[in-house]
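Peer 1: Sending over my_file.pdb (PDB, C-alpha atoms).
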ATOM      1  CA  MET R   1       9.877  58.959 -46.536  1.00  0.00           C
ATOM      2  CA  PRO R   2      10.572  57.396 -43.116  1.00  0.00           C
ATOM      3  CA  VAL R   3       9.089  54.023 -42.280  1.00  0.00           C
ATOM      4  CA  SER R   4       7.451  54.436 -38.888  1.00  0.00           C
ATOM      5  CA  ALA R   5       7.472  51.955 -36.021  1.00  0.00           C
ATOM      6  CA  GLY R   6       3.826  52.691 -35.332  1.00  0.00           C
ATOM      7  CA  GLY R   7       0.762  51.077 -36.782  1.00  0.00           C
ATOM      8  CA  GLY R   8       1.998  47.683 -37.828  1.00  0.00           C
ATOM      9  CA  ARG R   9       4.260  47.058 -34.842  1.00  0.00           C
ATOM     10  CA  GLU R  10       2.767  43.630 -34.161  1.00  0.00           C
ATOM     11  CA  GLU R  11       3.266  42.615 -37.781  1.00  0.00           C
ATOM     12  CA  GLU R  12       6.847  43.898 -37.755  1.00  0.00           C
ATOM     13  CA  ILE R  13       7.595  42.104 -34.500  1.00  0.00           C
ATOM     14  CA  ARG R  14       6.260  38.865 -35.993  1.00  0.00           C
ATOM     15  CA  ARG R  15       8.330  39.438 -39.141  1.00  0.00           C
ATOM     16  CA  TYR R  16      11.601  39.911 -37.254  1.00  0.00           C
ATOM     17  CA  ALA R  17      10.987  37.757 -34.158  1.00  0.00           C
ATOM     18  CA  ALA R  18      12.750  34.642 -35.463  1.00  0.00           C
ATOM     19  CA  MET R  19      15.738  36.649 -36.689  1.00  0.00           C
ATOM     20  CA  VAL R  20      16.182  38.415 -33.327  1.00  0.00           C
ATOM     21  CA  TYR R  21      15.716  35.214 -31.329  1.00  0.00           C
ATOM     22  CA  ARG R  22      18.205  33.246 -33.452  1.00  0.00           C
ATOM     23  CA  LEU R  23      20.861  35.920 -33.037  1.00  0.00           C
ATOM     24  CA  ALA R  24      20.144  36.216 -29.300  1.00  0.00           C
ATOM     25  CA  LEU R  25      20.427  32.437 -28.946  1.00  0.00           C
ATOM     26  CA  ALA R  26      23.646  32.345 -30.952  1.00  0.00           C
ATOM     27  CA  ARG R  27      25.089  35.113 -28.829  1.00  0.00           C
ATOM     28  CA  ALA R  28      23.803  33.987 -25.409  1.00  0.00           C
ATOM     29  CA  GLY R  29      24.200  30.263 -25.809  1.00  0.00           C
ATOM     30  CA  ASN R  30      21.025  29.280 -23.975  1.00  0.00           C
ATOM     31  CA  SER R  31      17.318  29.787 -24.483  1.00  0.00           C
ATOM     32  CA  ALA R  32      16.626  31.505 -21.137  1.00  0.00           C
ATOM     33  CA  ASP R  33      19.098  34.320 -21.789  1.00  0.00           C
ATOM     34  CA  ALA R  34      18.025  34.484 -25.439  1.00  0.00           C
ATOM     35  CA  GLU R  35      14.434  35.060 -24.340  1.00  0.00           C
ATOM     36  CA  ASP R  36      15.548  37.855 -21.990  1.00  0.00           C
ATOM     37  CA  ILE R  37      17.498  39.501 -24.804  1.00  0.00           C
ATOM     38  CA  PHE R  38      14.561  39.051 -27.195  1.00  0.00           C
ATOM     39  CA  GLN R  39      12.194  40.775 -24.771  1.00  0.00           C
ATOM     40  CA  GLU R  40      14.620  43.636 -24.165  1.00  0.00           C
ATOM     41  CA  VAL R  41      15.088  44.230 -27.899  1.00  0.00           C
ATOM     42  CA  PHE R  42      11.378  44.441 -28.628  1.00  0.00           C
ATOM     43  CA  LEU R  43      10.684  46.455 -25.494  1.00  0.00           C
ATOM     44  CA  ARG R  44      13.156  49.040 -26.795  1.00  0.00           C
ATOM     45  CA  TYR R  45      11.610  48.822 -30.253  1.00  0.00           C
ATOM     46  CA  VAL R  46       8.121  49.546 -28.936  1.00  0.00           C
ATOM     47  CA  SER R  47       9.097  52.125 -26.319  1.00  0.00           C
ATOM     48  CA  LYS R  48      11.492  54.137 -28.498  1.00  0.00           C
ATOM     49  CA  ALA R  49       9.372  53.831 -31.662  1.00  0.00           C
ATOM     50  CA  PRO R  50      12.302  54.731 -33.926  1.00  0.00           C
ATOM     51  CA  ALA R  51      11.695  56.005 -37.437  1.00  0.00           C
ATOM     52  CA  PHE R  52      13.391  54.059 -40.211  1.00  0.00           C
ATOM     53  CA  THR R  53      14.172  55.047 -43.757  1.00  0.00           C
ATOM     54  CA  SER R  54      13.726  51.495 -45.059  1.00  0.00           C
ATOM     55  CA  GLU R  55      13.150  47.898 -44.005  1.00  0.00           C
ATOM     56  CA  GLU R  56      16.912  47.311 -44.266  1.00  0.00           C
ATOM     57  CA  HIS R  57      17.412  50.132 -41.762  1.00  0.00           C
ATOM     58  CA  ARG R  58      14.829  48.534 -39.428  1.00  0.00           C
ATOM     59  CA  LYS R  59      16.518  45.112 -39.750  1.00  0.00           C
ATOM     60  CA  ALA R  60      19.981  46.592 -39.100  1.00  0.00           C
ATOM     61  CA  TRP R  61      18.666  48.453 -36.042  1.00  0.00           C
ATOM     62  CA  LEU R  62      17.122  45.289 -34.599  1.00  0.00           C
ATOM     63  CA  LEU R  63      20.298  43.276 -35.200  1.00  0.00           C
ATOM     64  CA  ARG R  64      22.486  45.969 -33.646  1.00  0.00           C
ATOM     65  CA  VAL R  65      20.255  46.298 -30.575  1.00  0.00           C
ATOM     66  CA  THR R  66      20.261  42.494 -30.206  1.00  0.00           C
ATOM     67  CA  VAL R  67      24.070  42.420 -30.217  1.00  0.00           C
ATOM     68  CA  ASN R  68      24.198  45.291 -27.714  1.00  0.00           C
ATOM     69  CA  CYS R  69      21.635  43.701 -25.376  1.00  0.00           C
ATOM     70  CA  ALA R  70      23.529  40.399 -25.453  1.00  0.00           C
ATOM     71  CA  ARG R  71      26.790  42.187 -24.684  1.00  0.00           C
ATOM     72  CA  LYS R  72      25.124  44.054 -21.820  1.00  0.00           C
ATOM     73  CA  LEU R  73      23.665  40.831 -20.404  1.00  0.00           C
ATOM     74  CA  HIS R  74      27.068  39.123 -20.362  1.00  0.00           C
ATOM     75  CA  ALA R  75      28.716  42.141 -18.734  1.00  0.00           C
ATOM     76  CA  ALA R  76      26.130  42.415 -15.948  1.00  0.00           C
ATOM     77  CA  PRO R  77      27.752  42.240 -12.484  1.00  0.00           C
ATOM     78  CA  TRP R  78      25.186  39.753 -11.173  1.00  0.00           C
ATOM     79  CA  ARG R  79      26.374  37.176 -13.756  1.00  0.00           C
ATOM     80  CA  ARG R  80      29.767  36.999 -12.040  1.00  0.00           C
ATOM     81  CA  LEU R  81      28.067  36.079  -8.762  1.00  0.00           C
ATOM     82  CA  THR R  82      26.037  33.179 -10.108  1.00  0.00           C
ATOM     83  CA  GLU R  83      26.987  29.560 -10.561  1.00  0.00           C
ATOM     84  CA  PRO R  84      25.544  27.219 -13.189  1.00  0.00           C
ATOM     85  CA  LEU R  85      23.155  24.496 -12.088  1.00  0.00           C
ATOM     86  CA  SER R  86      24.789  21.156 -11.564  1.00  0.00           C
ATOM     87  CA  ASP R  87      24.539  18.566 -14.318  1.00  0.00           C
ATOM     88  CA  LEU R  88      21.980  16.711 -12.210  1.00  0.00           C
ATOM     89  CA  LEU R  89      19.617  19.682 -12.258  1.00  0.00           C
ATOM     90  CA  ALA R  90      20.203  20.923 -15.791  1.00  0.00           C
ATOM     91  CA  ALA R  91      17.397  20.239 -18.231  1.00  0.00           C
ATOM     92  CA  PRO R  92      18.483  19.220 -21.713  1.00  0.00           C
ATOM     93  CA  GLU R  93      17.888  21.893 -24.301  1.00  0.00           C
ATOM     94  CA  PRO R  94      16.269  21.045 -27.631  1.00  0.00           C
ATOM     95  CA  GLU R  95      19.097  22.795 -29.468  1.00  0.00           C
ATOM     96  CA  GLU R  96      21.631  20.148 -28.432  1.00  0.00           C
ATOM     97  CA  SER R  97      23.585  18.511 -31.240  1.00  0.00           C
ATOM     98  CA  GLY R  98      27.237  18.022 -32.100  1.00  0.00           C
ATOM     99  CA  LEU R  99      27.354  21.217 -34.130  1.00  0.00           C
ATOM    100  CA  TRP R 100      25.350  23.098 -31.491  1.00  0.00           C
ATOM    101  CA  ASP R 101      27.772  21.992 -28.773  1.00  0.00           C
ATOM    102  CA  ALA R 102      30.746  23.025 -30.891  1.00  0.00           C
ATOM    103  CA  LEU R 103      29.173  26.441 -31.544  1.00  0.00           C
ATOM    104  CA  GLN R 104      28.497  26.988 -27.860  1.00  0.00           C
ATOM    105  CA  ARG R 105      32.161  26.526 -26.997  1.00  0.00           C
ATOM    106  CA  LEU R 106      33.071  29.415 -29.309  1.00  0.00           C
ATOM    107  CA  ARG R 107      33.403  32.950 -28.015  1.00  0.00           C
ATOM    108  CA  PRO R 108      30.191  35.014 -28.330  1.00  0.00           C
ATOM    109  CA  GLU R 109      31.927  37.259 -30.890  1.00  0.00           C
ATOM    110  CA  ASP R 110      32.656  34.229 -33.076  1.00  0.00           C
ATOM    111  CA  ARG R 111      29.081  32.946 -32.777  1.00  0.00           C
ATOM    112  CA  THR R 112      27.751  36.394 -33.660  1.00  0.00           C
ATOM    113  CA  VAL R 113      29.769  36.846 -36.845  1.00  0.00           C
ATOM    114  CA  LEU R 114      28.983  33.282 -38.000  1.00  0.00           C
ATOM    115  CA  HIS R 115      25.295  33.772 -37.290  1.00  0.00           C
ATOM    116  CA  LEU R 116      25.036  37.088 -39.102  1.00  0.00           C
ATOM    117  CA  TYR R 117      26.878  35.730 -42.129  1.00  0.00           C
ATOM    118  CA  TYR R 118      25.281  32.292 -42.474  1.00  0.00           C
ATOM    119  CA  TYR R 119      21.822  32.625 -40.915  1.00  0.00           C
ATOM    120  CA  GLU R 120      20.957  36.247 -41.648  1.00  0.00           C
ATOM    121  CA  GLU R 121      22.881  36.163 -44.950  1.00  0.00           C
ATOM    122  CA  LEU R 122      24.434  39.582 -44.407  1.00  0.00           C
ATOM    123  CA  SER R 123      27.463  40.647 -46.403  1.00  0.00           C
ATOM    124  CA  THR R 124      30.743  41.348 -44.660  1.00  0.00           C
ATOM    125  CA  GLY R 125      30.144  45.054 -45.300  1.00  0.00           C
ATOM    126  CA  GLU R 126      26.729  44.921 -43.618  1.00  0.00           C
ATOM    127  CA  ILE R 127      28.154  42.999 -40.676  1.00  0.00           C
ATOM    128  CA  ALA R 128      30.973  45.538 -40.378  1.00  0.00           C
ATOM    129  CA  ARG R 129      28.456  48.396 -40.160  1.00  0.00           C
ATOM    130  CA  LEU R 130      26.439  46.523 -37.499  1.00  0.00           C
ATOM    131  CA  LEU R 131      29.482  45.698 -35.388  1.00  0.00           C
ATOM    132  CA  GLY R 132      31.272  49.002 -35.920  1.00  0.00           C
ATOM    133  CA  CYS R 133      34.393  47.618 -37.567  1.00  0.00           C
ATOM    134  CA  ARG R 134      35.951  47.277 -41.031  1.00  0.00           C
ATOM    135  CA  PRO R 135      34.868  44.670 -43.610  1.00  0.00           C
ATOM    136  CA  GLY R 136      38.405  43.247 -43.564  1.00  0.00           C
ATOM    137  CA  THR R 137      38.099  42.729 -39.825  1.00  0.00           C
ATOM    138  CA  VAL R 138      34.830  40.853 -40.356  1.00  0.00           C
ATOM    139  CA  ARG R 139      36.447  38.625 -42.984  1.00  0.00           C
ATOM    140  CA  SER R 140      39.314  37.868 -40.590  1.00  0.00           C
ATOM    141  CA  ARG R 141      36.894  37.105 -37.771  1.00  0.00           C
ATOM    142  CA  LEU R 142      34.895  34.821 -40.067  1.00  0.00           C
ATOM    143  CA  THR R 143      38.017  32.923 -41.096  1.00  0.00           C
ATOM    144  CA  ARG R 144      39.162  32.485 -37.490  1.00  0.00           C
ATOM    145  CA  ALA R 145      35.655  31.586 -36.278  1.00  0.00           C
ATOM    146  CA  ARG R 146      35.286  28.934 -39.008  1.00  0.00           C
ATOM    147  CA  GLU R 147      38.638  27.414 -38.033  1.00  0.00           C
ATOM    148  CA  ARG R 148      37.741  27.397 -34.331  1.00  0.00           C
ATOM    149  CA  LEU R 149      34.377  25.814 -35.129  1.00  0.00           C
ATOM    150  CA  ARG R 150      36.067  23.157 -37.273  1.00  0.00           C
ATOM    151  CA  GLU R 151      38.450  22.344 -34.396  1.00  0.00           C
ATOM    152  CA  GLN R 152      35.622  22.219 -31.833  1.00  0.00           C
ATOM    153  CA  TYR R 153      33.505  20.009 -34.076  1.00  0.00           C
ATOM    154  CA  LYS R 154      36.400  17.593 -34.718  1.00  0.00           C
ATOM    155  CA  GLU R 155      36.826  17.190 -30.949  1.00  0.00           C
ATOM    156  CA  ASP R 156      33.206  16.006 -30.728  1.00  0.00           C
ATOM    157  CA  LEU R 157      33.588  13.307 -33.390  1.00  0.00           C
ATOM    158  CA  PRO R 158      34.027   9.739 -32.109  1.00  0.00           C
TER     159      PRO R 158
END
Let's see the structure in the file written out as structure tokens.
Peer 2:
Amino acid sequence: MPVSAGGGREEEIRRYAAMVYRLALARAGNSADAEDIFQEVFLRYVSKAPAFTSEEHRKAWLLRVTVNCARKLHAAPWRRLTEPLSDLLAAPEPEESGLWDALQRLRPEDRTVLHLYYYEELSTGEIARLLGCRPGTVRSRLTRARERLREQYKEDLP
């Protein structure tokens, strides 16, 4: 029996809000873009009202849409025409830490695979289905992402 998106939408949004935001933040690298991605994901969730066969299906759908929205945001033509605020104008973000800084210097693909594996506790098979690749590819990406993170983090140490 399909699990509908209707009825308890607010409850479902509350249940998955932190998961979607964390992935959006890991992928985007800043809270402003993460909030935009978050809103887009749940706007699609409410407007499309997809039917799911299980909660795992719902979770996988939300994760996949989050990855797609983040990819779309980074590919937007207007992003190539913008310049970051100068260091004098930039407000410090609460997420700042040595590990956070090291993570932010990784490619979005590396941050995504690390996030899905460590924060969402998905298996390599589940990640492969979400990203549309093979489990072996996910394992390779995880290995390379861990090594890159280790190198970035070592650079930050005094």
Peer 1: Once the PyMOL selection byres ((chain R and resi 106) around 12) has been evaluated on this model, what residues remain selected, and can you format them as a ChimeraX atom specification?
Peer 2: /R:26-29,99-105,107-115,144-153
Peer 1: Write out as a list of chain:residue names the residues lying within 8 Å of region 30-47 of chain R, counting only C-alpha atoms and excluding same-chain residues fewer than 2 positions away.
Peer 2: R:Ala5, R:Arg9, R:Ile13, R:Ala17, R:Val20, R:Tyr21, R:Ala24, R:Leu25, R:Arg27, R:Ala28, R:Ala49, R:Pro50, R:Leu62, R:Val65, R:Thr66, R:Cys69, R:Ala70, R:Leu73, R:Glu93
Peer 1: Would you compute the distance between CA of Glu10 (chain R) and CA of Phe52 (chain R)? Give it in Å to one decimal.
Peer 2: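 Pair CA of Glu10 (chain R) / CA of Phe52 (chain R) returns 16.1 Å.
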Peer 1: Any idea what's packed within 12 Å of Thr124 (chain R), counting all atoms listed in the file, ignoring anything in its chain fewer than 4 positions away? Could you give it as an MDAnalysis selection string?
Peer 2: chainID R and resid 113:118 120 128:143
Peer 1: Considering only C-alpha atoms, can you say which of R:Glu121, R:Ala18, R:Leu23, R:Glu155 comes closest to Asn68 (chain R)?
Peer 2: R:Leu23
Peer 1: Between CA of Ala51 (chain R) and CA of Leu63 (chain R), what is the spacing in Å?
Peer 2: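 For CA of Leu63 (chain R) relative to CA of Ala51 (chain R), the distance reads 15.5 Å.
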Peer 1: Between R:Glu11, R:Lys154, R:Lys72, R:Leu122, which has the minimum distance to Glu56 (chain R) (counting all atoms listed in the file)?
Peer 2: R:Leu122
